[in-house]
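So this one's upload03.cif, mmCIF, C-alpha atoms:
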```cif
data_upload
loop_
_atom_site.label_atom_id
_atom_site.label_comp_id
_atom_site.auth_asym_id
_atom_site.auth_seq_id
_atom_site.Cartn_x
_atom_site.Cartn_y
_atom_site.Cartn_z
CA MET A 1257 70.79 -186.89 -32.93
CA ALA A 1258 74.09 -186.06 -34.57
CA TYR A 1259 77.34 -187.64 -33.41
CA GLU A 1260 78.67 -184.30 -32.14
CA GLU A 1261 75.54 -183.72 -30.05
CA LYS A 1262 75.91 -187.17 -28.46
CA GLN A 1263 79.53 -186.45 -27.59
CA GLN A 1264 78.61 -183.16 -25.93
CA SER A 1265 75.70 -184.66 -23.98
CA ALA A 1266 77.92 -187.39 -22.46
CA LYS A 1267 79.23 -186.47 -19.02
CA ALA A 1268 82.97 -185.94 -18.74
CA HIS A 1269 84.63 -188.79 -16.86
CA SER A 1270 87.57 -188.43 -14.51
CA ILE A 1271 89.07 -190.23 -11.54
CA SER A 1272 91.23 -188.82 -8.77
CA MET A 1273 92.54 -190.78 -5.82
CA GLU A 1274 94.34 -189.69 -2.67
CA ASP A 1275 96.52 -192.15 -0.72
CA ARG A 1276 94.43 -195.13 -1.90
CA ALA A 1277 91.91 -194.01 0.75
CA ARG A 1278 89.75 -191.42 -1.04
CA LEU A 1279 88.42 -191.67 -4.58
CA ASN A 1280 86.48 -189.04 -6.54
CA VAL A 1281 84.77 -190.04 -9.78
CA THR A 1282 82.91 -187.84 -12.26
CA GLY A 1283 80.77 -188.97 -15.17
CA VAL A 1284 78.87 -191.43 -12.98
CA GLU A 1285 75.48 -192.36 -14.41
CA ASP A 1286 74.33 -195.03 -11.94
CA VAL A 1287 75.53 -197.28 -9.10
CA GLU A 1288 74.70 -200.92 -9.83
CA SER A 1289 75.79 -202.44 -6.53
CA PHE A 1290 77.94 -201.74 -3.51
CA ASP A 1291 79.12 -203.29 -0.29
CA GLU A 1292 82.21 -202.81 1.86
CA ASN A 1293 84.42 -204.76 -0.60
CA VAL A 1294 83.12 -203.86 -4.10
CA ILE A 1295 81.38 -200.89 -5.73
CA VAL A 1296 80.13 -201.24 -9.31
CA MET A 1297 79.10 -198.08 -11.13
CA ASN A 1298 78.12 -197.11 -14.66
CA THR A 1299 80.12 -194.18 -16.01
CA SER A 1300 80.01 -192.34 -19.31
CA ARG A 1301 83.12 -194.37 -20.31
CA GLY A 1302 82.00 -197.85 -19.20
CA ASP A 1303 81.37 -199.82 -16.03
CA LEU A 1304 83.89 -199.05 -13.29
CA ILE A 1305 84.56 -201.58 -10.52
CA VAL A 1306 86.23 -200.44 -7.30
CA ARG A 1307 87.58 -203.15 -4.99
CA GLY A 1308 89.00 -202.84 -1.50
CA SER A 1309 87.98 -203.11 2.12
CA GLY A 1310 85.90 -200.88 4.36
CA LEU A 1311 84.54 -199.06 1.31
CA HIS A 1312 81.67 -196.65 1.70
CA ILE A 1313 80.16 -194.00 -0.51
CA GLY A 1314 80.81 -190.64 1.10
CA LYS A 1315 78.95 -188.41 -1.36
CA ILE A 1316 76.87 -189.14 -4.43
CA SER A 1317 75.12 -186.82 -6.86
CA LEU A 1318 73.87 -188.59 -9.97
CA ASP A 1319 72.36 -185.33 -11.28
CA VAL A 1320 75.88 -183.96 -11.72
CA GLY A 1321 77.52 -187.38 -12.08
CA GLN A 1322 79.81 -187.22 -9.05
CA LEU A 1323 80.63 -189.90 -6.49
CA SER A 1324 83.20 -190.13 -3.71
CA VAL A 1325 84.40 -193.31 -2.04
CA GLU A 1326 86.32 -193.70 1.21
CA GLY A 1327 88.08 -196.80 2.51
CA SER A 1328 91.09 -198.93 1.60
CA ILE A 1329 91.11 -199.06 -2.23
CA SER A 1330 93.05 -201.92 -3.79
CA GLU A 1331 91.82 -202.07 -7.41
CA LEU A 1332 90.08 -200.02 -10.10
CA SER A 1333 89.00 -201.75 -13.30
CA TYR A 1334 86.70 -201.17 -16.24
CA GLU A 1335 84.40 -203.86 -17.53
CA ASP A 1336 83.24 -203.95 -21.12
CA LYS A 1337 79.53 -204.01 -21.67
CA ALA A 1338 77.98 -207.42 -22.34
CA PRO A 1339 77.32 -208.04 -26.03
CA SER A 1340 73.83 -207.12 -27.12
CA GLY A 1341 71.54 -209.84 -28.32
CA GLY A 1342 69.54 -212.69 -26.92
CA PHE A 1343 70.42 -215.32 -24.38
CA TRP A 1344 71.89 -217.75 -26.95
CA GLN A 1345 74.11 -215.08 -28.51
CA LYS A 1346 75.48 -214.18 -25.09
CA LEU A 1347 75.98 -217.85 -24.27
CA PHE A 1348 77.67 -218.88 -27.53
CA GLY A 1349 78.92 -215.39 -28.57
#
```

As C-alpha cells - that is how I would like this structure written.
Amino acid sequence: MAYEEKQQSAKAHSISMEDRARLNVTGVEDVESFDENVIVMNTSRGDLIVRGSGLHIGKISLDVGQLSVEGSISELSYEDKAPSGGFWQKLFG
C-alpha cells in the first residue's frame, strides 16, 4: 500500500471539550481501559489518556471512530507507543 493510501485510510483525529465536563474525540480506534478516573483509548494519532473524576463514556461508535466522555476532566495526554521488539529490548531499550 502506498504512503498516500495509508494517510487517506487513517481516521481524522480531533478533540473538542466544553467546560472541562464534556469531551468529544474523533479518530478513535479502540478503548483499552476505562473507569471513573481514567480512560485510555487508541486513536489514529496515538494513545490518548483522559484523567478526571466521575468519568463515563456517553456515546461510542468505533465504526466511525467517535467517542464522547462526560464528567470532571482534569488532564488529557498522549502516550507514545512502546518500542517494538522482544522483552529484553523493552527492558534495556

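Using all atoms listed in the file, the smallest distance between any of A:Val1320, A:Asn1280, A:Arg1307, A:Glu1274 and Asn1293 (chain A) comes from A:Arg1307.
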
| Spatial neighbours of Glu1335 (chain A), max dist 12 Å, all atoms listed in the file, sep filter under 6 positions, as an MDAnalysis selection string | chainID A and resid 1296:1299 1301:1306

| field | Expected selection from the PyMOL selection byres ((chain A and resi 1291) around 10), given as a ChimeraX atom specification | value | /A:1289-1290,1292-1296,1307-1313

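Selection result for the displayed file, with the PyMOL selection byres ((chain A and resi 1324) around 8) as criterion, is Arg1278, Leu1279, Asn1280, Val1281, Ile1313, Gly1314, Lys1315, Ile1316, Gln1322, Leu1323, Val1325 and Glu1326 of chain A.
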
| Atom pair CA of Leu1332 (chain A) / CA of His1269 (chain A): separation (Å) | 14.2 Å

What would region 1293-1304 of chain A look like with all heavy atoms in place, written as a short mmCIF file (atom, residue, chain, number, x, y, z; two decimals), in the frame of the given file?
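See rebuild.cif below for the written result:
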```
data_model
loop_
_atom_site.label_atom_id
_atom_site.label_comp_id
_atom_site.auth_asym_id
_atom_site.auth_seq_id
_atom_site.Cartn_x
_atom_site.Cartn_y
_atom_site.Cartn_z
N ASN A 1293 83.28 -204.24 0.16
CA ASN A 1293 84.42 -204.76 -0.60
C ASN A 1293 84.40 -204.40 -2.08
O ASN A 1293 85.46 -204.41 -2.71
CB ASN A 1293 84.49 -206.28 -0.46
CG ASN A 1293 84.70 -206.71 0.98
OD1 ASN A 1293 85.56 -206.17 1.66
ND2 ASN A 1293 83.90 -207.64 1.44
N VAL A 1294 83.23 -204.12 -2.66
CA VAL A 1294 83.12 -203.86 -4.10
C VAL A 1294 82.05 -202.81 -4.37
O VAL A 1294 80.96 -202.87 -3.79
CB VAL A 1294 82.75 -205.14 -4.88
CG1 VAL A 1294 82.62 -204.85 -6.38
CG2 VAL A 1294 83.76 -206.24 -4.65
N ILE A 1295 82.37 -201.87 -5.24
CA ILE A 1295 81.38 -200.89 -5.73
C ILE A 1295 81.41 -200.97 -7.25
O ILE A 1295 82.47 -200.87 -7.86
CB ILE A 1295 81.71 -199.46 -5.26
CG1 ILE A 1295 81.69 -199.38 -3.74
CG2 ILE A 1295 80.72 -198.46 -5.87
CD1 ILE A 1295 82.16 -198.06 -3.17
N VAL A 1296 80.25 -201.17 -7.86
CA VAL A 1296 80.13 -201.24 -9.31
C VAL A 1296 79.27 -200.07 -9.76
O VAL A 1296 78.14 -199.91 -9.30
CB VAL A 1296 79.48 -202.58 -9.77
CG1 VAL A 1296 79.36 -202.61 -11.28
CG2 VAL A 1296 80.28 -203.76 -9.25
N MET A 1297 79.83 -199.25 -10.64
CA MET A 1297 79.10 -198.08 -11.13
C MET A 1297 79.18 -197.98 -12.64
O MET A 1297 80.14 -198.43 -13.25
CB MET A 1297 79.64 -196.80 -10.48
CG MET A 1297 81.07 -196.47 -10.83
SD MET A 1297 81.76 -195.12 -9.87
CE MET A 1297 82.39 -196.01 -8.46
N ASN A 1298 78.14 -197.40 -13.23
CA ASN A 1298 78.12 -197.11 -14.66
C ASN A 1298 78.62 -195.69 -14.84
O ASN A 1298 78.10 -194.78 -14.22
CB ASN A 1298 76.72 -197.23 -15.24
CG ASN A 1298 76.08 -198.56 -14.98
OD1 ASN A 1298 75.11 -198.63 -14.25
ND2 ASN A 1298 76.61 -199.62 -15.54
N THR A 1299 79.62 -195.52 -15.70
CA THR A 1299 80.12 -194.18 -16.01
C THR A 1299 79.90 -193.92 -17.49
O THR A 1299 79.55 -194.82 -18.25
CB THR A 1299 81.62 -194.03 -15.68
OG1 THR A 1299 82.39 -194.74 -16.65
CG2 THR A 1299 81.94 -194.53 -14.28
N SER A 1300 80.16 -192.70 -17.89
CA SER A 1300 80.01 -192.34 -19.31
C SER A 1300 81.06 -193.04 -20.18
O SER A 1300 80.95 -193.04 -21.39
CB SER A 1300 80.11 -190.83 -19.47
OG SER A 1300 81.34 -190.35 -18.97
N ARG A 1301 82.07 -193.67 -19.57
CA ARG A 1301 83.12 -194.37 -20.31
C ARG A 1301 83.14 -195.87 -20.04
O ARG A 1301 84.12 -196.53 -20.33
CB ARG A 1301 84.48 -193.78 -19.99
CG ARG A 1301 84.59 -192.27 -20.24
CD ARG A 1301 84.31 -191.90 -21.65
NE ARG A 1301 85.49 -192.12 -22.44
CZ ARG A 1301 85.52 -192.12 -23.75
NH1 ARG A 1301 84.43 -191.90 -24.42
NH2 ARG A 1301 86.62 -192.33 -24.39
N GLY A 1302 82.07 -196.42 -19.46
CA GLY A 1302 82.00 -197.85 -19.20
C GLY A 1302 81.77 -198.13 -17.73
O GLY A 1302 81.76 -197.23 -16.90
N ASP A 1303 81.59 -199.40 -17.41
CA ASP A 1303 81.37 -199.82 -16.03
C ASP A 1303 82.69 -199.79 -15.27
O ASP A 1303 83.68 -200.36 -15.72
CB ASP A 1303 80.78 -201.23 -15.96
CG ASP A 1303 79.35 -201.28 -16.51
OD1 ASP A 1303 78.74 -200.21 -16.68
OD2 ASP A 1303 78.86 -202.39 -16.75
N LEU A 1304 82.70 -199.15 -14.12
CA LEU A 1304 83.89 -199.05 -13.29
C LEU A 1304 83.66 -199.87 -12.02
O LEU A 1304 82.64 -199.74 -11.36
CB LEU A 1304 84.17 -197.59 -12.92
CG LEU A 1304 85.33 -197.33 -11.97
CD1 LEU A 1304 86.66 -197.79 -12.57
CD2 LEU A 1304 85.39 -195.85 -11.61
#
```
